Structures are given as structure tokens and as C-alpha cells.
Amino acid sequence: MPALCKRRGELRWRGQVKLDKKVVASKWFGTGPQGGPEYRKAVAWEEEKKRRMATMPTATTSLTLLNWANRYLDYAKDRHAPITYKEKVKAFQELMRTAPSASAVETLTVPKVFQHLMVQAKQRSGSAANKDRKNLATAWNWGRKYLAGFPDGNPILTVEKFPEVQKPRYVPPVENFDKVLDSVDGQDRLMLMTFLFLAARRGEVFKLKWSDVDFPNNRVRLWTRKRQGGNLEQDWVPLAAELKAELLHWWEDRPIKDTPYVFVCLERTPFCVEHYGNPFRKRLQFMRRLCERAGIPRFGFHAIRHLTATILYHRGYPVSVIQRILRHKSPRTTEIYLRDLGLDAAKEALEDALGNRGPAKVMVLPRKSAEA
């Protein structure tokens with residue numbers, strides 16, 4: 001039966017069809033009273049959808065692509081960070097565009113996977129196709145492990161990776177970051193300093209609570225799911241004196257005293273007023289506006305984490321120290337991270353080995369005689 005639900009601030013009829021207590025298909029219709037034209041359209045759509053599904057034996061006699069997707073995504077939602085979960089949802093959404101959701105999992109053969117990923121590489125990019133390949137392959141392995149009757153093998157991994165065009169990562173110069181920092185005050189200034197001094201990720205800063213700030217011991221606790229297995233883990237990182245002073249100042253002057261979060265929405269614009277006093281989930285266009293106002297190339301929150309790593313590298317700190325601040329479990333991860341930023345010891349090694357040899361010497365070779 002259609003349900004009257006709010007969508008984008010308006011009550012509208014939503015038709016939906018369930019299979020094994022899971023919503024397998026849904027469609028939005030217009031507004032109006034129960035029994036009205038839009039309601040009847042939703043009812044008719046549900047009945048037609050159920051009739052068509054009833055004619056598909058694979059939908060009831062075998063595990064369908066949609067069953068597999070729903071079960072894996074239910075699992076992944078609690079195990080991974082929101083951005084990773086959305087990436088997995090996107091992979092399945094694109095798959096359902098080319099493979100019928102009610103078809104059996106075993107119909108997803110290597111040729112079909114190859115054709116699907118080829119389309120993604122052409123329409124989106126090789127990098128996007130490879131991300132989908134990785135997420136779908138992980139979901140397939142999960143299905144083999146946890147779902148009864150799931151096919152053996154992995155047709156997704158059989159397909160080779162697609163060529164990627166790597167774009168250089170932009171790391172803002174220190175002077176550009178300072179221009180942005182000098183253009184703001186209050187909570188906005190503190191937030192930018194927190195990103196810089198803690199080398200933190202966006203979600204880690206947005207979810208930071210006052211209980212995570214240990215002023216007596218000069219440390220801050222950051223929570224992350226960016227680990228293998230998606231576990232929510234904590235890391236204590238040093239609290240520098242300059243950032244500590246700014247945090248203490250904000251603790252005394254913050255306009256909302258009864259929130260446990262360090263950073264909350266303080267704007268009362270029409271778009272933000274309903275979020276007033278709540279922790280940030282996004283700050284759309286925030287960095288874009290600041291960079292445009294400062295007249296510098298645009299960069300985002302994560303680029304500040306790159307900047308912190310770059311500053312530490314150029315100051316001569318070893319990988320072990322940078323690893324500790326970036327909170328990587330493995331030094332190999334830090335080495336790859338620095339290499340992707342264009343920071344490694346190759347240039348220094350060449351300069352040390354070949355750059356200090358003094359001026360080149362010209363060697364005069366003896367001229368051969370005409371008789372020779």
C-alpha cells in the first residue's frame with residue numbers, strides 16, 4: 001500500500017514493493033488525498049510491479065542481485081565510514097542500471113562484468129570503474145562467505161583494472177593557507193587551525209567533542225573508521241600550545257554552552273536555521289568562498305592534512321613522526337602517502353650522489369690519422 005511521506009519538504013505518495021521484508025522497488029508520485037489520482041497511480045504501479053516480479057522465477061528461487069546488494073549494504077553501513085558506504089551504494093546503483101535487479105546472482109558472468117565496467121570507464125573514468133570493481137569484488141567475497149548458495153569464484157576480480165589518469169594533488173602553499181586563516185575569526189578560525197595542527201580528516205573534526213579534549217595532558221582524541229574492518233577506533237594526538245590557547249578561548253566564549261560538540265552550526269540563514277546548534281555534517285562551499293575571497297586557488301579541508309604532512313617533511317622529520325601525526329597503522333602507508341604528494345627521498349638522494357661533483361671536465365680524445 002502506498003505511504004504518504006515527506007520528500008523535499010512536501011508530502012508525496014510513495015509506492016513500494018517488498019520481498020523478504022526488504023524494499024526491492026519504490027517510486028515517488030505526486031501529492032493529494034488518499035483515493036485521489038496520485039494515490040491511485042501509486043497503487044496501480046505497485047500492482048503492476050508485483051505482477052511482473054511474479055513472472056520472474058529467479059526472483060524467488062535464487063538469490064537475486066538486489067537481495068545480495070541489500071544484505072551486503074546493511075552489513076557495510078555499520079562497518080564503514082559514511083563516505084565509504086556511499087561509494088559502495090554508488091557501485092551497486094550503477095550495476096543495477098545494466099543488470100536487472102531481480103536476476104540471479106549467478107547470471108553476473110565475467111563478460112557481463114567486463115561490459116558493465118567498460119561503460120563506467122567510458123562514461124565516468126577509469127578510476128571510477130576501478131573503484132566499482134573493488135567494491136563489488138569485496139561484496140562478492142562477502143557473499144561467498146556469509147550467504148548460503150552463493151556462487152563460487154569471483155567474476156569481478158577476473159576483469160583486469162582499467163587505465164587511470166592520475167591528477168596531481170594540490171597542496172596549498174603555507175602563505176595561501178595563512179591568507180585564508182587571517183580572513184576568518186571565532187569558530188571558523190579555530191576549525192582551520194584544528195585541521196592544520198591535528199592533521200585531521202573532515203569527519204573527525206566535525207564529530208570532535210569537548211570530552212575528547214584533554215587540556216591537563218595536552219592531547220586530543222580523534223575517532224576514525226578509516227581502518228581495516230571499519231572499526232571505530234580512537235587515537236590520542238598531541239595538543240600544541242597555540243591550538244590549546246585557541247580551544248580554551250573558544251571554550252569560554254562559545255555562544256552555545258550546552259552542546260557536547262566543539263564545532264556546531266551557528267548560522268541562522270534559511271538553509272541553516274534548522275541545523276542551528278547541531279554538529280556539522282557538511283560545510284558546502286565554505287572553503288570555496290574563503291579561497292575566492294582571499295584570491296587564491298581553491299583547496300578543501302583534506303588538502304590541509306596534506307599541508308601538515310608537507311610541512312613536517314620539509315622540516316626534516318622522519319617518516320615515523322609523520323606516521324604518528326597522520327595516524328597511519330603502517331609506515332608503508334605513510335611512505336605511499338608522501339610519495340603521492342610528490343614527497344620522497346629520491347630527489348635528495350640524486351642531489352647528494354650526483355649534484356655535488358663539481359664542474360664537468362672536458363676530455364680531449366686523440367685524433368685518428370688519415371692513414372688509419
# chains A, B, ... in the order shown; residues from 1 in each chain; ligands from 1
>>> select_by_dssp(residues="stretch 57-170 of chain A", states="alpha helix (DSSP H)", output="number ranges by chain")
A: 58-61, 65-79, 82-98, 110-123, 126-146, 155-158
>>> residues_around(residues="A:Asp188", least_positions_apart="3", cutoff="12 Å", atoms="only C-alpha atoms", output="ChimeraX atom specification")
/A:180-185,191-195,205-206,246-247,250,254,262-267,283,286-287,290
>>> residues_around(residues="stretch 214-216 of chain A", least_positions_apart="2", cutoff="10 Å", atoms="only C-alpha atoms", output="PyMOL selection string")
chain A and resi 210-212+218-221+236+238-239+244-245+247-248
>>> write_last_selection(atoms="all heavy atoms", output="short mmCIF file (atom, residue, chain, number, x, y, z; two decimals), in the first residue's frame")
data_model
loop_
_atom_site.label_atom_id
_atom_site.label_comp_id
_atom_site.auth_asym_id
_atom_site.auth_seq_id
_atom_site.Cartn_x
_atom_site.Cartn_y
_atom_site.Cartn_z
N TRP A 210 33.99 18.04 23.37
CA TRP A 210 34.83 18.62 24.42
C TRP A 210 35.41 17.52 25.31
O TRP A 210 36.50 17.70 25.88
CB TRP A 210 34.03 19.62 25.24
CG TRP A 210 33.75 20.90 24.51
CD1 TRP A 210 32.56 21.34 24.04
CD2 TRP A 210 34.72 21.89 24.13
NE1 TRP A 210 32.70 22.54 23.39
CE2 TRP A 210 34.02 22.91 23.44
CE3 TRP A 210 36.09 22.03 24.31
CZ2 TRP A 210 34.64 24.04 22.93
CZ3 TRP A 210 36.73 23.15 23.80
CH2 TRP A 210 36.01 24.14 23.13
N SER A 211 34.71 16.41 25.44
CA SER A 211 35.24 15.30 26.23
C SER A 211 36.47 14.66 25.59
O SER A 211 37.19 13.90 26.24
CB SER A 211 34.16 14.23 26.44
OG SER A 211 33.67 13.75 25.18
N ASP A 212 36.69 14.95 24.30
CA ASP A 212 37.86 14.43 23.59
C ASP A 212 39.07 15.34 23.75
O ASP A 212 40.17 14.98 23.30
CB ASP A 212 37.56 14.27 22.10
CG ASP A 212 36.47 13.25 21.83
OD1 ASP A 212 36.48 12.21 22.50
OD2 ASP A 212 35.62 13.50 20.96
N ASN A 218 47.44 17.84 27.60
CA ASN A 218 47.81 18.39 26.29
C ASN A 218 47.68 17.35 25.16
O ASN A 218 48.62 17.07 24.43
CB ASN A 218 49.25 18.92 26.33
CG ASN A 218 49.41 20.05 27.32
OD1 ASN A 218 48.60 20.97 27.36
ND2 ASN A 218 50.46 19.98 28.14
N ARG A 219 46.48 16.83 25.04
CA ARG A 219 46.24 15.86 23.98
C ARG A 219 44.77 15.92 23.55
O ARG A 219 43.91 16.41 24.29
CB ARG A 219 46.60 14.45 24.43
CG ARG A 219 45.82 13.94 25.63
CD ARG A 219 46.23 12.53 26.01
NE ARG A 219 45.35 11.98 27.05
CZ ARG A 219 45.32 10.70 27.41
NH1 ARG A 219 46.14 9.84 26.81
NH2 ARG A 219 44.49 10.28 28.35
N VAL A 220 44.51 15.40 22.34
CA VAL A 220 43.17 15.38 21.77
C VAL A 220 42.89 13.98 21.25
O VAL A 220 43.76 13.35 20.65
CB VAL A 220 43.02 16.40 20.62
CG1 VAL A 220 41.65 16.30 19.98
CG2 VAL A 220 43.25 17.82 21.13
N ARG A 221 41.66 13.52 21.46
CA ARG A 221 41.27 12.19 20.99
C ARG A 221 40.46 12.34 19.71
O ARG A 221 39.46 13.04 19.67
CB ARG A 221 40.45 11.47 22.06
CG ARG A 221 39.95 10.10 21.64
CD ARG A 221 39.33 9.39 22.83
NE ARG A 221 38.31 10.22 23.47
CZ ARG A 221 37.82 9.98 24.69
NH1 ARG A 221 38.27 8.94 25.38
NH2 ARG A 221 36.90 10.79 25.20
N TRP A 236 44.94 9.18 20.35
CA TRP A 236 45.30 10.39 21.07
C TRP A 236 46.46 11.07 20.34
O TRP A 236 47.45 10.44 20.03
CB TRP A 236 45.71 10.07 22.50
CG TRP A 236 44.58 9.71 23.40
CD1 TRP A 236 44.20 8.46 23.79
CD2 TRP A 236 43.66 10.61 24.01
NE1 TRP A 236 43.11 8.52 24.61
CE2 TRP A 236 42.75 9.83 24.78
CE3 TRP A 236 43.50 12.01 24.00
CZ2 TRP A 236 41.71 10.40 25.52
CZ3 TRP A 236 42.46 12.57 24.74
CH2 TRP A 236 41.59 11.78 25.49
N PRO A 238 48.94 14.79 20.03
CA PRO A 238 49.40 15.91 20.85
C PRO A 238 48.61 17.19 20.59
O PRO A 238 48.20 17.47 19.46
CB PRO A 238 50.87 16.06 20.43
CG PRO A 238 51.23 14.78 19.76
CD PRO A 238 49.98 14.26 19.14
N LEU A 239 48.43 17.96 21.63
CA LEU A 239 47.75 19.25 21.53
C LEU A 239 48.80 20.35 21.65
O LEU A 239 49.35 20.60 22.74
CB LEU A 239 46.70 19.40 22.64
CG LEU A 239 45.97 20.73 22.75
CD1 LEU A 239 45.25 21.05 21.44
CD2 LEU A 239 44.99 20.72 23.91
N LYS A 244 45.90 24.84 21.73
CA LYS A 244 45.31 24.76 23.07
C LYS A 244 44.78 26.11 23.51
O LYS A 244 43.68 26.21 24.07
CB LYS A 244 46.36 24.24 24.06
CG LYS A 244 45.85 24.14 25.49
CD LYS A 244 46.94 23.62 26.42
CE LYS A 244 46.42 23.53 27.85
NZ LYS A 244 47.47 22.99 28.77
N ALA A 245 45.55 27.17 23.26
CA ALA A 245 45.12 28.52 23.64
C ALA A 245 43.83 28.90 22.91
O ALA A 245 42.91 29.49 23.50
CB ALA A 245 46.23 29.52 23.35
N LEU A 247 41.55 26.82 21.69
CA LEU A 247 40.46 25.99 22.20
C LEU A 247 39.96 26.50 23.55
O LEU A 247 38.74 26.53 23.80
CB LEU A 247 40.93 24.54 22.32
CG LEU A 247 40.96 23.72 21.02
CD1 LEU A 247 41.75 22.44 21.21
CD2 LEU A 247 39.53 23.39 20.54
N LEU A 248 40.87 26.87 24.42
CA LEU A 248 40.47 27.41 25.72
C LEU A 248 39.68 28.71 25.56
O LEU A 248 38.69 28.93 26.27
CB LEU A 248 41.71 27.65 26.59
CG LEU A 248 42.37 26.40 27.19
CD1 LEU A 248 43.71 26.73 27.81
CD2 LEU A 248 41.45 25.76 28.24
#
>>> atom_distance(atom1="atom CA of A:Thr64", atom2="atom CA of A:Asn231")
28.8 Å
>>> select_by_dssp(residues="stretch 194-259 of chain A", states="strand (DSSP E or B)", output="list in words")
Lys209, Val213, Asp214, Arg219, Val220, Arg221, Leu222, Trp223, Thr224, Glu233, Gln234, Asp235, Trp236, Val237 and Pro238 of chain A
>>> residues_around(residues="A:Leu157", least_positions_apart="3", cutoff="10 Å", atoms="only C-alpha atoms", output="PyMOL selection string")
chain A and resi 110+113+133-134+136-138+140-141+153-154+160-161
>>> write_last_selection(atoms="N, CA and C atoms", output="PDB file, in the first residue's frame")
ATOM      1  N   VAL A 110      31.595 -13.105 -16.152  1.00  0.00           N
ATOM      2  CA  VAL A 110      32.748 -12.259 -16.461  1.00  0.00           C
ATOM      3  C   VAL A 110      32.478 -11.329 -17.638  1.00  0.00           C
ATOM      4  N   VAL A 113      30.269  -8.488 -16.418  1.00  0.00           N
ATOM      5  CA  VAL A 113      31.005  -7.574 -15.537  1.00  0.00           C
ATOM      6  C   VAL A 113      31.937  -6.694 -16.346  1.00  0.00           C
ATOM      7  N   ARG A 133      34.832  -1.785  -9.283  1.00  0.00           N
ATOM      8  CA  ARG A 133      35.382  -3.135  -9.345  1.00  0.00           C
ATOM      9  C   ARG A 133      35.809  -3.594  -7.956  1.00  0.00           C
ATOM     10  N   LYS A 134      36.501  -2.738  -7.235  1.00  0.00           N
ATOM     11  CA  LYS A 134      36.978  -3.082  -5.887  1.00  0.00           C
ATOM     12  C   LYS A 134      35.805  -3.335  -4.942  1.00  0.00           C
ATOM     13  N   LEU A 136      32.574  -4.007  -5.615  1.00  0.00           N
ATOM     14  CA  LEU A 136      31.749  -5.153  -5.998  1.00  0.00           C
ATOM     15  C   LEU A 136      32.477  -6.470  -5.719  1.00  0.00           C
ATOM     16  N   ALA A 137      33.787  -6.485  -5.937  1.00  0.00           N
ATOM     17  CA  ALA A 137      34.558  -7.700  -5.651  1.00  0.00           C
ATOM     18  C   ALA A 137      34.552  -8.009  -4.158  1.00  0.00           C
ATOM     19  N   THR A 138      34.668  -6.957  -3.331  1.00  0.00           N
ATOM     20  CA  THR A 138      34.602  -7.154  -1.877  1.00  0.00           C
ATOM     21  C   THR A 138      33.240  -7.685  -1.463  1.00  0.00           C
ATOM     22  N   TRP A 140      31.226  -9.416  -3.342  1.00  0.00           N
ATOM     23  CA  TRP A 140      31.110 -10.801  -3.822  1.00  0.00           C
ATOM     24  C   TRP A 140      31.799 -11.763  -2.854  1.00  0.00           C
ATOM     25  N   ASN A 141      32.986 -11.412  -2.399  1.00  0.00           N
ATOM     26  CA  ASN A 141      33.691 -12.269  -1.442  1.00  0.00           C
ATOM     27  C   ASN A 141      32.918 -12.384  -0.138  1.00  0.00           C
ATOM     28  N   GLY A 153      33.988 -18.728  -6.906  1.00  0.00           N
ATOM     29  CA  GLY A 153      34.776 -17.871  -7.776  1.00  0.00           C
ATOM     30  C   GLY A 153      34.440 -16.408  -7.562  1.00  0.00           C
ATOM     31  N   ASN A 154      35.063 -15.567  -8.365  1.00  0.00           N
ATOM     32  CA  ASN A 154      34.779 -14.129  -8.295  1.00  0.00           C
ATOM     33  C   ASN A 154      34.954 -13.546  -9.694  1.00  0.00           C
ATOM     34  N   GLU A 160      40.397  -7.303 -15.452  1.00  0.00           N
ATOM     35  CA  GLU A 160      41.574  -6.526 -15.107  1.00  0.00           C
ATOM     36  C   GLU A 160      41.213  -5.070 -14.835  1.00  0.00           C
ATOM     37  N   LYS A 161      42.077  -4.414 -14.085  1.00  0.00           N
ATOM     38  CA  LYS A 161      41.867  -2.996 -13.791  1.00  0.00           C
ATOM     39  C   LYS A 161      41.975  -2.166 -15.068  1.00  0.00           C
TER      40      LYS A 161
END
>>> decode(residues="stretch 150-171 of chain A", atoms="N, CA, C and O atoms", output="compact mmCIF listing (two decimals), in the first residue's frame")
# COMPACT_ATOMS: atom_id res chain seq x y z
N PHE A 150 25.69 -19.06 -2.39
CA PHE A 150 26.32 -18.03 -3.23
C PHE A 150 27.33 -18.69 -4.17
O PHE A 150 28.04 -19.62 -3.78
N PRO A 151 27.41 -18.23 -5.43
CA PRO A 151 28.30 -18.87 -6.40
C PRO A 151 29.77 -18.81 -5.98
O PRO A 151 30.21 -17.87 -5.31
N ASP A 152 30.53 -19.81 -6.41
CA ASP A 152 31.97 -19.82 -6.16
C ASP A 152 32.68 -18.89 -7.14
O ASP A 152 32.10 -18.39 -8.10
N GLY A 153 33.99 -18.73 -6.91
CA GLY A 153 34.78 -17.87 -7.78
C GLY A 153 34.44 -16.41 -7.56
O GLY A 153 33.66 -16.04 -6.69
N ASN A 154 35.06 -15.57 -8.37
CA ASN A 154 34.78 -14.13 -8.30
C ASN A 154 34.95 -13.55 -9.69
O ASN A 154 36.07 -13.20 -10.10
N PRO A 155 33.86 -13.43 -10.46
CA PRO A 155 33.98 -12.93 -11.84
C PRO A 155 34.43 -11.48 -11.90
O PRO A 155 34.94 -11.03 -12.93
N ILE A 156 34.27 -10.74 -10.82
CA ILE A 156 34.63 -9.32 -10.83
C ILE A 156 36.14 -9.15 -10.81
O ILE A 156 36.71 -8.34 -11.54
N LEU A 157 36.80 -9.95 -9.98
CA LEU A 157 38.26 -9.87 -9.91
C LEU A 157 38.93 -10.40 -11.17
O LEU A 157 40.09 -10.10 -11.44
N THR A 158 38.21 -11.23 -11.93
CA THR A 158 38.76 -11.75 -13.18
C THR A 158 38.99 -10.62 -14.19
O THR A 158 39.91 -10.68 -15.01
N VAL A 159 38.16 -9.60 -14.13
CA VAL A 159 38.30 -8.45 -15.02
C VAL A 159 39.49 -7.61 -14.56
O VAL A 159 39.58 -7.25 -13.38
N GLU A 160 40.40 -7.30 -15.45
CA GLU A 160 41.57 -6.53 -15.11
C GLU A 160 41.21 -5.07 -14.83
O GLU A 160 40.20 -4.56 -15.31
N LYS A 161 42.08 -4.41 -14.08
CA LYS A 161 41.87 -3.00 -13.79
C LYS A 161 41.97 -2.17 -15.07
O LYS A 161 42.65 -2.54 -16.02
N PHE A 162 41.32 -1.01 -15.06
CA PHE A 162 41.32 -0.12 -16.20
C PHE A 162 42.39 0.97 -16.02
O PHE A 162 42.72 1.34 -14.88
N PRO A 163 42.93 1.47 -17.12
CA PRO A 163 43.93 2.55 -17.02
C PRO A 163 43.33 3.78 -16.35
O PRO A 163 42.17 4.13 -16.58
N GLU A 164 44.13 4.42 -15.54
CA GLU A 164 43.69 5.62 -14.84
C GLU A 164 44.58 6.81 -15.21
O GLU A 164 45.78 6.64 -15.47
N VAL A 165 43.99 7.97 -15.25
CA VAL A 165 44.74 9.21 -15.45
C VAL A 165 44.83 9.89 -14.09
O VAL A 165 43.85 10.45 -13.59
N GLN A 166 45.99 9.80 -13.48
CA GLN A 166 46.17 10.35 -12.15
C GLN A 166 46.36 11.86 -12.21
O GLN A 166 47.14 12.37 -13.00
N LYS A 167 45.59 12.56 -11.39
CA LYS A 167 45.71 14.01 -11.31
C LYS A 167 46.59 14.37 -10.11
O LYS A 167 46.46 13.78 -9.04
N PRO A 168 47.51 15.32 -10.30
CA PRO A 168 48.36 15.71 -9.17
C PRO A 168 47.54 16.32 -8.04
O PRO A 168 46.59 17.08 -8.28
N ARG A 169 47.88 15.96 -6.83
CA ARG A 169 47.17 16.51 -5.68
C ARG A 169 47.66 17.93 -5.40
O ARG A 169 48.86 18.18 -5.35
N TYR A 170 46.72 18.84 -5.24
CA TYR A 170 47.09 20.22 -4.96
C TYR A 170 47.26 20.42 -3.46
O TYR A 170 46.34 20.16 -2.67
N VAL A 171 48.45 20.84 -3.07
CA VAL A 171 48.73 21.18 -1.68
C VAL A 171 48.95 22.67 -1.62
O VAL A 171 49.87 23.21 -2.25
